[in-house]
Each structure stands twice: as C-alpha cells, then as structure tokens.
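Participant: This structure is in structure tokens; I'll ask about it shortly.
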Amino acid sequence: MTTTQVVNPATEEVVTTVELVSAAETDAAIERAQRAAVGWREIAPGDRARLLRRFAEAVDANLEQLAQLEVANAGHTIGNARWEAGNVRDVLHFAAGIPERLLGNQIPVAGGVDITFHEPLGVVGVIVPWNFPMPIAAWGFGPALAAGNTVVLKPAELTPLTAIRLGQLALEAGVPEGVFQVLPGKGSVVGQRFVTHPAVRKVVFTGSTEVGKEIMAGCARQVKRVTLELGGKSANIVFADADLERAAATAPYGVFDNAGQDCCARSRILVQRSVFDRFLELLEPAVRGVRVGDPEDESTEMGPLISAAHRARVASFIEPSTKVAFTGTQPDGPGFWYPPTVVLPDAPSDRVLTEEVFGPVVAVVPFEDEADAVRIANYTEYGLSGSIWTNDVGRALRVSRGVEAGNLSVNSHSSVRYWTPFGGFKQSGLGRELGPDAALAFTETKNVFIAT
Ligand code: TAP
C-alpha cells in the first residue's frame, strides 16, 4: 500500500496520511462507475435533481469543516476557503436545475418528426490540481452528474482532503454508490488510467499546459472527449483615463490572491506610459499593505505557497539581474512563504513575462496606445483571463474584443461565476466549464427521425 503525507504549507506540519489508489483499484472503481451509470441515467430527472440538491445541502451543512480542511491542507486563507466551499454548494444547486431542463430540439422535416436528445457520455474522469481543490472539482462533477454521467475524480496528491470529504458527503446525501467516487493517487497512475481506460468516455483536466497536452494526445487514441483548463499569463491593462487609485489599489488582489497560484492571476500589469510612474507610486503602498500571514487569521489576505518545491520554482524567476521594484511582507518561521513581488522586466522575452510563475510575482510594463496594449496583451501562448481599466466604454469594449482571452473583466478583476462560461483561448485550454451550457460538455447530441 502506498501512502502520502499531507503537509500544512503554513506550518510544515504533517496533517495526516492518505492511502493512494493503485492502477488496479482505479480500474475497479471505473468498472463500478460504469455499472452505476446504467441506473443513474435512468433516475427520473426530478429525483436526480433532488439528490444533487441534497448533496448541496450536505456541503452547506459542512461548509466550515470543508473550509478548515482546505486551510490546513492548501494554506488558503479562511475567507477564501469558505468562499470555495460555498462555490461547491452553489455549483451543485445550479447543477440541480439541469436534469429537468436538458432540452432537445424538435426540427421541422418532411415525412416525419425529428427530435434531438442530449445523452450522457457514461463515466467521466475529472483530474484536479492543487491550487483550487474544491471549486475545480465541482465545476467538473456537478454538471457531469446532472447530465446523467457517473464520475471518478482524482484530486492532486498534495491536496486530497476536501475531495475525500466531498465523496463522503455525496454518499451521506443519498447519491448512490459508484456514482461519484474520489480516488486519491498519482497523476501518472490514477490520472493515466482515466486517459487509457476505454470505459472513461471523457476526461476533464485542469492543471499545467504541459500535462494537458499529454492528456489530450493520450485521449486522441480513443477519440476520447476532453475539456482542458490550463495555464495563464493574463494582462491587467490600465489606461491613463482610468480611476488610477482604484486600479492600483486592486491590482495586488488581481494577482496575489491565493498567493498567485491562480490560473487567472493578472501577472502582467500593462500601464499606459503617460501614467506609468504615477501608477507605480500608487501600487507600492498597495503591495506593501497586503496582509500576508497565518491563513486561519480572518484578516489575512495571502497565505503561503503550496510546497517547498513550488516556492523554489517561484523564486527561480527572480534572477540576480531582475529589477525588483518593491516587495511586500512575509512572516518569519516555518511555512512556504514568498512575499508579493513587483518586477520591471527589461525585454518582452523575459521569462517572467512569458512563463506562468504561479506565485506572487507580477511584472509591470508600459504601453503607448490602445493598439499597443492589445498587441502586448496577446503576446503570449496563453489566453485565459484579464482586466481592462478605463472610463471610456467604447475603449473597454474594443479592447475586450481585441484581447484573445476567455474571461475578461472591465474595471474589476472578477473571472468566475458559476452561471457564466469559463475557459481559455489558445494554450490556456479547450472547451468551457460552468455557465448555461455546462451540461452540454457532458452529453452527446443524438438525432432521431421518426417516419410518420
Ligand atoms: P499538473 O502537474 O499539471 O497536475 C494537475 C493534475 O494532473 C494533478 O492532479 C496531477 O496529479 C495530474 N497529473 C499529473 N501528471 C499526469 C499525467 N501524466 N496523467 C494524468 N494526470 C496527471 O499541475 P499542478 O502543478 O497541479 O497545477 C499547477 C498548474 O495548473 C499551473 O500551470 C496552472 O496554471 C494550472 N492550472 C490551471 C487552471 C485553469 S482553471 N486553467 C486551474 C488550476 C491550475 P499529481 O497529484 O500526481 O500531481
């Protein structure tokens, strides 16, 4: 039996030990899910909806426990962790509206009636990263279950605790055995079986672009459906006509939330040259003011990084030649801490401008005009999110249409609502999660013609 130690990133103490699922156990779970799929798709829509609602209520009743688990396992601030558990509840409530609204079409044809059905795929495998263990899991399993699929879910090896608890809560809520199974294990073992086992009909993967490409290539062998949510290098574009005070005061939270371990992190701040120096003057106190520390403290705004190895990777972006404009604070003592860090890159090809840091490091660069801003924003393989700060509505819309990214916000840094679509352009991903069409990513459209 293989086990893994779960470590609290804020204290470096071992929280617990978790047994890892083997390849043979993964196969057995997939086969259970395949058997359970027969009954699950036959459950009356209203009953499936009711079970999802009960699952949501069980999450709500255990919200504080789930949040505390995430604080201990992932070092998330308690405020964020509560939001994340609440997001799972809300995604499930939203999903509970799906079974009774999975509408097909009746299409006019000669000589008969033509109708379409949205059929479930069967078993769906969901592979989750360590940065947002709860919401990312729910964005996959909520609509997948609602559409009549069964789900096998692999949490990241570093952060399995909340997923394991969600699996228990589903059973307690009455979701039948085998319909939703959580399989803690290694990506190379459990995740790979999702890709290679023919009974898994779709893989939803969130994680690095590098692993996402391997998953996609593996799935191609069986023409297996994939949704990919990958990395980002998003731009926060600040025009001279914007409310500079607000843009500067909020910019740290657009990138340092979750210690920058966020695929939507606005890790490049593009500032119109005429206000560049003024913006940096305003940004400095905002960055120094970010409260970094004990994630259990209600007033903390940023916690630690997930692991020592990840901290070393983040630190590698700051080379001796890197121009660091200023940094925020970090606590002393144990924990994988890294301070909020603002850098001024020399060239567009600087690693800190082209690669995803996935930590609290932001690069600030000047631009000349609207066209230049869009050009720089798009100078990346990624295209997940971004922000545009301006008081000119026409410009806000023009730049929104020009930036190649799936999730943009104007005069704010919001990316995620469970009822709006989420996903990336270019190498940030494939397909969309959440939003009104969430369930359609977990169905096949079937057309039936009936001669009359
Ligand atoms: P990855 O190393 O890509 O891991 C993500 C998940 O995939 C983990 O559960 C991992 O398992 C599993 N995995 C690894 N290799 C696999 C393989 N060969 N086959 C199947 N599964 C495999 O990413 P990470 O380090 O956890 O997360 C950080 C990265 O994810 C960042 O680049 C970030 O941008 C991206 N990310 C993107 C998004 C969105 S929404 N676009 C959200 C979060 C994160 P283990 O447990 O073994 O690691």
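Residues are named by chain letter and number: chains run A, B, ... in the order of the structure tokens, numbers start at 1 in each chain, and ligands are numbered from 1 in the order shown.
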Identify, counting only C-alpha atoms and all ligand atoms, the protein, DNA and RNA residues located within 9 Å of ligand 1, and give them as a PyMOL selection string.
Facilitator: chain A and resi 126-133+136+154-160+184-195+205-212+214-215+218+228-233+261-265+310+356-358+384+422-424+428-429
Participant: So that I can check the surroundings of A:Gly46, please list as a list in words every protein, DNA and RNA residue that reaches within 8 Å of it, counting only C-alpha atoms and ignoring chain neighbours fewer than 4 positions away.
Facilitator: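 The residues that qualify are Arg50, Pro99 and Glu100 of chain A.
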Participant: Hey, which of A:Ala95, A:Val223, A:Leu52, A:Val204 ends up closest to A:Leu434? Count only C-alpha atoms.
Facilitator: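 For A:Leu434, the nearest of the candidates is A:Ala95.
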Participant: Do you have the atom CA of A:Pro339-atom CA of A:Thr77 distance handy?
Facilitator: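 Between atom CA of A:Pro339 and atom CA of A:Thr77 the gap works out to 15.2 Å.
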Participant: So which one's closest to A:Asn258, A:Asn80, A:Gln272, A:Asn447, A:Thr390? Using only C-alpha atoms, please.
Facilitator: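 Of A:Asn80, A:Gln272, A:Asn447, A:Thr390, the one nearest A:Asn258 is A:Asn80, counting only C-alpha atoms.
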Participant: Compare A:Val343, A:Leu166, A:Ala67, A:Val292 by their minimum atom-to-atom distance to A:Ala138, counting only C-alpha atoms, and give me the closest one.
Facilitator: A:Leu166
Participant: Would you kindly return, as a list in words, each protein, DNA or RNA residue with an atom no farther than 10 Å from any atom of A:Arg246, considering only C-alpha atoms and excluding same-chain residues fewer than 2 positions away?
Facilitator: Ala242, Asp243, Leu244, Ala248, Ala249, Thr250, Ala251, Leu282, Leu283, Trp389, Asn411 and Ser412 of chain A
Participant: Could you take the residues named above and write them with N, CA, C and O atoms, as a PDB file, in the first residue's frame?
Facilitator:
ATOM      1  N   ALA A 242      -8.197  55.841 -16.682  1.00  0.00           N
ATOM      2  CA  ALA A 242      -8.865  55.020 -15.657  1.00  0.00           C
ATOM      3  C   ALA A 242      -8.835  55.712 -14.298  1.00  0.00           C
ATOM      4  O   ALA A 242      -8.104  56.684 -14.088  1.00  0.00           O
ATOM      5  N   ASP A 243      -9.625  55.202 -13.379  1.00  0.00           N
ATOM      6  CA  ASP A 243      -9.536  55.599 -11.974  1.00  0.00           C
ATOM      7  C   ASP A 243      -8.265  54.939 -11.430  1.00  0.00           C
ATOM      8  O   ASP A 243      -8.273  53.785 -10.995  1.00  0.00           O
ATOM      9  N   LEU A 244      -7.154  55.684 -11.522  1.00  0.00           N
ATOM     10  CA  LEU A 244      -5.833  55.104 -11.220  1.00  0.00           C
ATOM     11  C   LEU A 244      -5.730  54.618  -9.784  1.00  0.00           C
ATOM     12  O   LEU A 244      -5.102  53.598  -9.504  1.00  0.00           O
ATOM     13  N   ALA A 248      -4.833  50.828  -8.996  1.00  0.00           N
ATOM     14  CA  ALA A 248      -3.618  50.456  -8.258  1.00  0.00           C
ATOM     15  C   ALA A 248      -3.955  49.745  -6.951  1.00  0.00           C
ATOM     16  O   ALA A 248      -3.284  48.790  -6.558  1.00  0.00           O
ATOM     17  N   ALA A 249      -5.021  50.191  -6.298  1.00  0.00           N
ATOM     18  CA  ALA A 249      -5.382  49.585  -5.006  1.00  0.00           C
ATOM     19  C   ALA A 249      -5.841  48.139  -5.180  1.00  0.00           C
ATOM     20  O   ALA A 249      -5.643  47.311  -4.287  1.00  0.00           O
ATOM     21  N   THR A 250      -6.452  47.826  -6.343  1.00  0.00           N
ATOM     22  CA  THR A 250      -6.995  46.476  -6.530  1.00  0.00           C
ATOM     23  C   THR A 250      -6.032  45.544  -7.262  1.00  0.00           C
ATOM     24  O   THR A 250      -6.196  44.322  -7.189  1.00  0.00           O
ATOM     25  N   ALA A 251      -5.039  46.128  -7.958  1.00  0.00           N
ATOM     26  CA  ALA A 251      -4.131  45.291  -8.772  1.00  0.00           C
ATOM     27  C   ALA A 251      -3.481  44.163  -7.966  1.00  0.00           C
ATOM     28  O   ALA A 251      -3.396  43.031  -8.464  1.00  0.00           O
ATOM     29  N   LEU A 282       1.455  54.594  -6.724  1.00  0.00           N
ATOM     30  CA  LEU A 282       0.223  54.171  -6.042  1.00  0.00           C
ATOM     31  C   LEU A 282       0.245  52.678  -5.721  1.00  0.00           C
ATOM     32  O   LEU A 282      -0.333  52.226  -4.726  1.00  0.00           O
ATOM     33  N   LEU A 283       0.921  51.896  -6.582  1.00  0.00           N
ATOM     34  CA  LEU A 283       0.939  50.441  -6.404  1.00  0.00           C
ATOM     35  C   LEU A 283       1.775  50.033  -5.190  1.00  0.00           C
ATOM     36  O   LEU A 283       1.438  49.078  -4.485  1.00  0.00           O
ATOM     37  N   TRP A 389      -8.817  48.515 -17.436  1.00  0.00           N
ATOM     38  CA  TRP A 389      -9.216  49.655 -16.603  1.00  0.00           C
ATOM     39  C   TRP A 389      -9.263  50.911 -17.467  1.00  0.00           C
ATOM     40  O   TRP A 389      -8.243  51.355 -17.992  1.00  0.00           O
ATOM     41  N   ASN A 411     -12.796  47.187 -15.285  1.00  0.00           N
ATOM     42  CA  ASN A 411     -12.795  47.913 -14.004  1.00  0.00           C
ATOM     43  C   ASN A 411     -13.087  46.984 -12.822  1.00  0.00           C
ATOM     44  O   ASN A 411     -13.742  47.375 -11.851  1.00  0.00           O
ATOM     45  N   SER A 412     -12.601  45.770 -12.917  1.00  0.00           N
ATOM     46  CA  SER A 412     -12.675  44.810 -11.812  1.00  0.00           C
ATOM     47  C   SER A 412     -11.751  43.650 -12.160  1.00  0.00           C
ATOM     48  O   SER A 412     -11.180  43.606 -13.241  1.00  0.00           O
TER      49      SER A 412
END
Participant: Which polymer residues have any atom within 10 Å of an atom of A:Pro120, counting only C-alpha atoms, with same-chain residues fewer than 2 positions away left out, as an MDAnalysis selection string?
Facilitator: chainID A and resid 37 40:41 117:118 122:124 144:150 201 439:445
